[in-house]
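See structure below.
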Amino acid sequence: MLIPNKNTFTLPVRVYYQDTDAGGVVYHSTYLDFMERARYEWLRELGFDIHSLIQTHKVIFMIRSLNIEYYKPALLDDLLQVAVQPEKLGRSRITLTQHVLRSGATLASATVHAVCVSADRLKLVSVPPALRHKLGKLS
């Protein structure tokens with residue numbers, strides 16, 4: 001269940017025909033696409049679009065692990081809210097919880113562990129200080 005706090009970001013997403021099977025039900029893998037889109041927009045909202053991460057900070061984020069649970073299906077033409085909530089910030093890792101909601105009901109939820117790596121060598125590096133500052137204190 002999503003308990004929003006001041007760090008929760010949500011992105012509205014409409015379900016299109018391409019997101020569904022012949023019965024109008026969203027493919028299980030499409031939820032991952034929705035979540036990735038929300039993570040990118042969350043970073044953009046914080047002032048860290050993909051270009052600034054690569055060009056200015058010389059880093060990118062990669063998913064190290066992800067655990068997802070599905071509760072109810074999303075359907076063709078649904079308007080969903082995809083939430084991103086940072087939970088923990090390590091030296092090079094950010095743990096996020098993500099939820100896909102329809103009218104406040106959770107359809108899917110995930111715990112995502114993203115790691116910060118150098119854009120050129122793809123080796124673990126520290127989260128940029130400017131992003132760390134934006135995220136503030138996380139438990």
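Labeling convention for the structure tokens: chains A, B, ... as they appear, residues from 1 per chain, ligands from 1 in order of appearance.
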
What parts of segment 15-118 of chain A does DSSP call strand (DSSP E or B)? I'd like the answer as a short mmCIF file (atom, residue, chain, number, x, y, z; two decimals) with N, CA, C and O atoms, in the first residue's frame.
```
data_model
loop_
_atom_site.label_atom_id
_atom_site.label_comp_id
_atom_site.auth_asym_id
_atom_site.auth_seq_id
_atom_site.Cartn_x
_atom_site.Cartn_y
_atom_site.Cartn_z
N THR A 20 -1.49 -3.61 -24.21
CA THR A 20 -2.40 -4.67 -23.77
C THR A 20 -2.37 -5.90 -24.68
O THR A 20 -1.87 -5.86 -25.80
N VAL A 25 -6.04 -6.35 -21.51
CA VAL A 25 -5.36 -6.38 -20.21
C VAL A 25 -3.89 -6.02 -20.42
O VAL A 25 -3.25 -6.54 -21.35
N VAL A 26 -3.36 -5.17 -19.55
CA VAL A 26 -1.96 -4.74 -19.67
C VAL A 26 -1.03 -5.93 -19.47
O VAL A 26 -1.18 -6.70 -18.53
N VAL A 59 27.47 10.03 -14.82
CA VAL A 59 26.91 8.81 -14.24
C VAL A 59 25.60 8.44 -14.93
O VAL A 59 24.97 9.26 -15.61
N ILE A 60 25.22 7.18 -14.74
CA ILE A 60 23.89 6.70 -15.10
C ILE A 60 23.44 5.77 -13.97
O ILE A 60 24.25 5.33 -13.16
N PHE A 61 22.16 5.50 -13.95
CA PHE A 61 21.62 4.55 -12.99
C PHE A 61 21.22 3.29 -13.72
O PHE A 61 20.64 3.34 -14.80
N MET A 62 21.56 2.17 -13.11
CA MET A 62 21.19 0.86 -13.65
C MET A 62 20.41 0.12 -12.57
O MET A 62 20.69 0.29 -11.38
N ILE A 63 19.48 -0.72 -13.00
CA ILE A 63 18.71 -1.51 -12.05
C ILE A 63 19.53 -2.73 -11.66
O ILE A 63 19.94 -3.51 -12.51
N ARG A 64 19.77 -2.86 -10.36
CA ARG A 64 20.50 -4.03 -9.85
C ARG A 64 19.55 -5.17 -9.55
O ARG A 64 19.82 -6.32 -9.84
N SER A 65 18.40 -4.82 -8.95
CA SER A 65 17.39 -5.84 -8.68
C SER A 65 16.03 -5.17 -8.57
O SER A 65 15.93 -3.96 -8.31
N LEU A 66 15.02 -5.98 -8.79
CA LEU A 66 13.65 -5.48 -8.76
C LEU A 66 12.75 -6.63 -8.34
O LEU A 66 12.88 -7.74 -8.86
N ASN A 67 11.86 -6.36 -7.41
CA ASN A 67 10.88 -7.34 -6.97
C ASN A 67 9.51 -6.73 -7.17
O ASN A 67 9.22 -5.67 -6.62
N ILE A 68 8.69 -7.37 -7.98
CA ILE A 68 7.38 -6.81 -8.31
C ILE A 68 6.27 -7.79 -7.93
O ILE A 68 6.44 -9.00 -8.04
N GLU A 69 5.16 -7.23 -7.48
CA GLU A 69 3.97 -8.02 -7.18
C GLU A 69 2.80 -7.39 -7.92
O GLU A 69 2.67 -6.16 -7.96
N TYR A 70 1.96 -8.25 -8.47
CA TYR A 70 0.78 -7.81 -9.21
C TYR A 70 -0.46 -8.16 -8.40
O TYR A 70 -0.59 -9.27 -7.89
N LEU A 75 -6.34 -2.04 -17.40
CA LEU A 75 -7.08 -2.31 -18.63
C LEU A 75 -6.92 -1.18 -19.64
O LEU A 75 -6.58 -0.05 -19.29
N LEU A 79 -6.62 5.32 -16.78
CA LEU A 79 -5.67 6.37 -16.42
C LEU A 79 -5.04 5.93 -15.11
O LEU A 79 -5.73 5.79 -14.09
N LEU A 80 -3.75 5.69 -15.15
CA LEU A 80 -3.02 5.19 -13.99
C LEU A 80 -2.16 6.28 -13.39
O LEU A 80 -1.81 7.25 -14.06
N GLN A 81 -1.80 6.09 -12.15
CA GLN A 81 -0.79 6.92 -11.48
C GLN A 81 0.36 5.99 -11.14
O GLN A 81 0.15 4.94 -10.53
N VAL A 82 1.56 6.35 -11.57
CA VAL A 82 2.73 5.55 -11.28
C VAL A 82 3.59 6.34 -10.29
O VAL A 82 4.05 7.44 -10.60
N ALA A 83 3.75 5.78 -9.09
CA ALA A 83 4.43 6.49 -8.01
C ALA A 83 5.85 6.00 -7.84
O ALA A 83 6.15 4.82 -8.04
N VAL A 84 6.72 6.92 -7.47
CA VAL A 84 8.11 6.64 -7.13
C VAL A 84 8.33 7.23 -5.74
O VAL A 84 8.04 8.41 -5.51
N GLN A 85 8.85 6.41 -4.85
CA GLN A 85 9.11 6.87 -3.49
C GLN A 85 10.49 6.38 -3.06
O GLN A 85 10.68 5.17 -2.88
N PRO A 86 11.47 7.30 -2.92
CA PRO A 86 12.78 6.87 -2.45
C PRO A 86 12.70 6.43 -1.00
O PRO A 86 12.04 7.08 -0.19
N GLU A 87 13.36 5.33 -0.69
CA GLU A 87 13.31 4.77 0.66
C GLU A 87 14.65 4.83 1.37
O GLU A 87 14.71 5.10 2.56
N LYS A 88 15.71 4.52 0.63
CA LYS A 88 17.03 4.46 1.27
C LYS A 88 18.09 4.88 0.26
O LYS A 88 18.02 4.52 -0.90
N LEU A 89 19.05 5.62 0.76
CA LEU A 89 20.13 6.11 -0.08
C LEU A 89 21.45 5.62 0.50
O LEU A 89 21.79 5.93 1.65
N ARG A 93 23.88 3.31 -4.10
CA ARG A 93 22.60 2.65 -4.36
C ARG A 93 21.43 3.46 -3.82
O ARG A 93 21.51 4.04 -2.75
N ILE A 94 20.35 3.45 -4.59
CA ILE A 94 19.09 4.05 -4.16
C ILE A 94 18.04 2.94 -4.17
O ILE A 94 17.88 2.24 -5.17
N THR A 95 17.34 2.80 -3.05
CA THR A 95 16.23 1.86 -2.97
C THR A 95 14.94 2.66 -3.09
O THR A 95 14.75 3.65 -2.37
N LEU A 96 14.10 2.23 -4.02
CA LEU A 96 12.83 2.91 -4.29
C LEU A 96 11.68 1.93 -4.13
O LEU A 96 11.84 0.74 -4.40
N THR A 97 10.53 2.45 -3.75
CA THR A 97 9.31 1.66 -3.89
C THR A 97 8.50 2.33 -4.98
O THR A 97 8.50 3.56 -5.11
N GLN A 98 7.85 1.52 -5.78
CA GLN A 98 7.02 2.04 -6.85
C GLN A 98 5.67 1.34 -6.82
O GLN A 98 5.58 0.16 -6.48
N HIS A 99 4.64 2.11 -7.17
CA HIS A 99 3.28 1.59 -7.19
C HIS A 99 2.60 2.05 -8.46
O HIS A 99 2.80 3.18 -8.90
N VAL A 100 1.80 1.17 -9.03
CA VAL A 100 0.93 1.54 -10.14
C VAL A 100 -0.48 1.50 -9.57
O VAL A 100 -0.92 0.46 -9.05
N LEU A 101 -1.17 2.65 -9.66
CA LEU A 101 -2.48 2.78 -9.04
C LEU A 101 -3.54 3.17 -10.07
O LEU A 101 -3.24 3.86 -11.04
N ARG A 102 -4.77 2.75 -9.79
CA ARG A 102 -5.93 3.20 -10.56
C ARG A 102 -6.98 3.62 -9.55
O ARG A 102 -7.40 2.81 -8.73
N ALA A 105 -6.43 2.56 -5.98
CA ALA A 105 -6.21 1.13 -5.71
C ALA A 105 -4.88 0.69 -6.32
O ALA A 105 -4.60 1.00 -7.49
N THR A 106 -4.09 -0.02 -5.55
CA THR A 106 -2.78 -0.49 -6.03
C THR A 106 -2.97 -1.69 -6.95
O THR A 106 -3.56 -2.69 -6.56
N LEU A 107 -2.47 -1.58 -8.17
CA LEU A 107 -2.52 -2.67 -9.15
C LEU A 107 -1.24 -3.49 -9.11
O LEU A 107 -1.26 -4.69 -9.33
N ALA A 108 -0.11 -2.82 -8.87
CA ALA A 108 1.19 -3.50 -8.79
C ALA A 108 2.10 -2.66 -7.91
O ALA A 108 1.95 -1.43 -7.84
N SER A 109 3.03 -3.32 -7.26
CA SER A 109 4.02 -2.60 -6.47
C SER A 109 5.37 -3.28 -6.64
O SER A 109 5.44 -4.48 -6.91
N ALA A 110 6.42 -2.50 -6.48
CA ALA A 110 7.77 -3.04 -6.67
C ALA A 110 8.75 -2.36 -5.73
O ALA A 110 8.57 -1.20 -5.35
N THR A 111 9.77 -3.10 -5.37
CA THR A 111 10.94 -2.55 -4.69
C THR A 111 12.07 -2.60 -5.71
O THR A 111 12.33 -3.65 -6.30
N VAL A 112 12.69 -1.46 -5.93
CA VAL A 112 13.71 -1.33 -6.96
C VAL A 112 15.02 -0.89 -6.32
O VAL A 112 15.03 0.07 -5.55
N HIS A 113 16.10 -1.59 -6.64
CA HIS A 113 17.43 -1.20 -6.20
C HIS A 113 18.19 -0.73 -7.44
O HIS A 113 18.49 -1.53 -8.33
N ALA A 114 18.45 0.57 -7.49
CA ALA A 114 19.19 1.15 -8.61
C ALA A 114 20.59 1.50 -8.12
O ALA A 114 20.76 1.98 -7.00
N VAL A 115 21.58 1.25 -8.96
CA VAL A 115 22.96 1.59 -8.61
C VAL A 115 23.47 2.68 -9.55
O VAL A 115 23.08 2.76 -10.71
N CYS A 116 24.34 3.50 -9.00
CA CYS A 116 24.95 4.58 -9.75
C CYS A 116 26.28 4.08 -10.30
O CYS A 116 27.11 3.56 -9.55
N VAL A 117 26.45 4.21 -11.60
CA VAL A 117 27.68 3.76 -12.24
C VAL A 117 28.24 4.87 -13.12
O VAL A 117 27.51 5.76 -13.56
N SER A 118 29.54 4.81 -13.36
CA SER A 118 30.18 5.79 -14.25
C SER A 118 29.63 5.58 -15.65
O SER A 118 29.44 4.45 -16.09
#
```

Best match for closeness to Pro12 of chain A among A:Lys58, A:Arg91, A:Arg132, A:Arg37, counting only C-alpha atoms: A:Arg37

Nearest residue to Ile54 of chain A from the set A:Leu11, A:Arg121, A:Tyr17, A:Gly90 (distances using only C-alpha atoms):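 Closest to Ile54 of chain A, using only C-alpha atoms: A:Arg121.
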
Coordinates-based distance that separates atom CA of Phe34 of chain A from atom CA of Val13 of chain A (Å, one decimal):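 Separation of atom CA of Val13 of chain A and atom CA of Phe34 of chain A: 7.4 Å.
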
Backbone DSSP call of alpha helix (DSSP H) for segment 48-120 of chain A, listed as a list of chain:residue names: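 Going through segment 48-120 of chain A, the alpha helix (DSSP H) residues come out as A:Ile50, A:His51, A:Ser52, A:Leu53, A:Ile54, A:Gln55.
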
Residues as selected, all heavy atoms, written as a PDB file, in the first residue's frame, can you do that?
```pdb
ATOM      1  N   ILE A  50      18.405  12.761 -17.958  1.00  0.00           N
ATOM      2  CA  ILE A  50      19.414  11.787 -18.382  1.00  0.00           C
ATOM      3  C   ILE A  50      20.644  12.461 -18.991  1.00  0.00           C
ATOM      4  O   ILE A  50      21.771  12.035 -18.765  1.00  0.00           O
ATOM      5  CB  ILE A  50      18.818  10.721 -19.334  1.00  0.00           C
ATOM      6  CG1 ILE A  50      19.797   9.572 -19.566  1.00  0.00           C
ATOM      7  CG2 ILE A  50      18.393  11.321 -20.645  1.00  0.00           C
ATOM      8  CD1 ILE A  50      20.032   8.712 -18.371  1.00  0.00           C
ATOM      9  N   HIS A  51      20.433  13.550 -19.720  1.00  0.00           N
ATOM     10  CA  HIS A  51      21.570  14.238 -20.341  1.00  0.00           C
ATOM     11  C   HIS A  51      22.477  14.886 -19.296  1.00  0.00           C
ATOM     12  O   HIS A  51      23.707  14.814 -19.415  1.00  0.00           O
ATOM     13  CB  HIS A  51      21.095  15.270 -21.364  1.00  0.00           C
ATOM     14  CG  HIS A  51      20.350  14.656 -22.507  1.00  0.00           C
ATOM     15  ND1 HIS A  51      20.948  13.831 -23.429  1.00  0.00           N
ATOM     16  CD2 HIS A  51      19.034  14.713 -22.850  1.00  0.00           C
ATOM     17  CE1 HIS A  51      20.042  13.408 -24.295  1.00  0.00           C
ATOM     18  NE2 HIS A  51      18.880  13.922 -23.959  1.00  0.00           N
ATOM     19  N   SER A  52      21.884  15.507 -18.277  1.00  0.00           N
ATOM     20  CA  SER A  52      22.735  16.129 -17.244  1.00  0.00           C
ATOM     21  C   SER A  52      23.449  15.070 -16.419  1.00  0.00           C
ATOM     22  O   SER A  52      24.595  15.278 -16.011  1.00  0.00           O
ATOM     23  CB  SER A  52      21.916  17.057 -16.339  1.00  0.00           C
ATOM     24  OG  SER A  52      21.111  16.341 -15.444  1.00  0.00           O
ATOM     25  N   LEU A  53      22.794  13.940 -16.180  1.00  0.00           N
ATOM     26  CA  LEU A  53      23.471  12.869 -15.450  1.00  0.00           C
ATOM     27  C   LEU A  53      24.713  12.400 -16.207  1.00  0.00           C
ATOM     28  O   LEU A  53      25.781  12.230 -15.623  1.00  0.00           O
ATOM     29  CB  LEU A  53      22.524  11.692 -15.215  1.00  0.00           C
ATOM     30  CG  LEU A  53      21.491  11.871 -14.115  1.00  0.00           C
ATOM     31  CD1 LEU A  53      20.491  10.727 -14.132  1.00  0.00           C
ATOM     32  CD2 LEU A  53      22.157  11.982 -12.750  1.00  0.00           C
ATOM     33  N   ILE A  54      24.564  12.221 -17.505  1.00  0.00           N
ATOM     34  CA  ILE A  54      25.683  11.723 -18.317  1.00  0.00           C
ATOM     35  C   ILE A  54      26.732  12.812 -18.560  1.00  0.00           C
ATOM     36  O   ILE A  54      27.927  12.595 -18.327  1.00  0.00           O
ATOM     37  CB  ILE A  54      25.174  11.148 -19.653  1.00  0.00           C
ATOM     38  CG1 ILE A  54      24.333   9.895 -19.398  1.00  0.00           C
ATOM     39  CG2 ILE A  54      26.340  10.845 -20.591  1.00  0.00           C
ATOM     40  CD1 ILE A  54      23.588   9.386 -20.623  1.00  0.00           C
ATOM     41  N   GLN A  55      26.294  13.972 -19.028  1.00  0.00           N
ATOM     42  CA  GLN A  55      27.245  15.001 -19.443  1.00  0.00           C
ATOM     43  C   GLN A  55      27.857  15.775 -18.278  1.00  0.00           C
ATOM     44  O   GLN A  55      29.054  16.051 -18.285  1.00  0.00           O
ATOM     45  CB  GLN A  55      26.575  15.957 -20.422  1.00  0.00           C
ATOM     46  CG  GLN A  55      26.192  15.260 -21.717  1.00  0.00           C
ATOM     47  CD  GLN A  55      25.286  16.117 -22.601  1.00  0.00           C
ATOM     48  OE1 GLN A  55      24.885  17.208 -22.236  1.00  0.00           O
ATOM     49  NE2 GLN A  55      24.946  15.582 -23.768  1.00  0.00           N
TER      50      GLN A  55
END
```

Length of the atom CA of Ala130 of chain A to atom CA of Thr56 of chain A vector [Å]: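 For atom CA of Ala130 of chain A relative to atom CA of Thr56 of chain A, the distance reads 11.0 Å.
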
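The gap separating atom CA of Lys72 of chain A from atom CA of Tyr27 of chain A is 11.9 Å, in Å to one decimal.
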
Best match for closeness to Tyr16 of chain A among A:Asp77, A:Leu122, A:Met35, A:Glu45, counting only C-alpha atoms: A:Asp77

Residues within 10 Å of Leu46 of chain A, only C-alpha atoms, excluding chain neighbours under 2 positions, as a ChimeraX atom specification: /A:9,40-44,48-49,130-131,134-135

What does the file look like for those residues with C-alpha atoms, as a PDB file, in the first residue's frame?
```
ATOM      1  CA  PHE A   9       6.433  11.557  -7.079  1.00  0.00           C
ATOM      2  CA  TYR A  40      13.085   9.094 -15.375  1.00  0.00           C
ATOM      3  CA  GLU A  41      10.457  11.783 -14.820  1.00  0.00           C
ATOM      4  CA  TRP A  42      11.128  11.718 -11.063  1.00  0.00           C
ATOM      5  CA  LEU A  43      14.820  12.383 -11.711  1.00  0.00           C
ATOM      6  CA  ARG A  44      13.892  15.101 -14.214  1.00  0.00           C
ATOM      7  CA  PHE A  48      18.625  15.475 -13.122  1.00  0.00           C
ATOM      8  CA  ASP A  49      17.500  14.556 -16.625  1.00  0.00           C
ATOM      9  CA  ALA A 130      23.978  17.384  -5.819  1.00  0.00           C
ATOM     10  CA  LEU A 131      21.454  14.542  -6.159  1.00  0.00           C
ATOM     11  CA  LYS A 134      18.174  16.936  -3.281  1.00  0.00           C
ATOM     12  CA  LEU A 135      17.114  13.627  -1.782  1.00  0.00           C
TER      13      LEU A 135
END
```

Counting only C-alpha atoms, the residue of A:Pro128, A:Asp19, A:Ser103, A:Lys123 that sits nearest Tyr31 of chain A: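 So, comparing all the options, the nearest one is A:Asp19.
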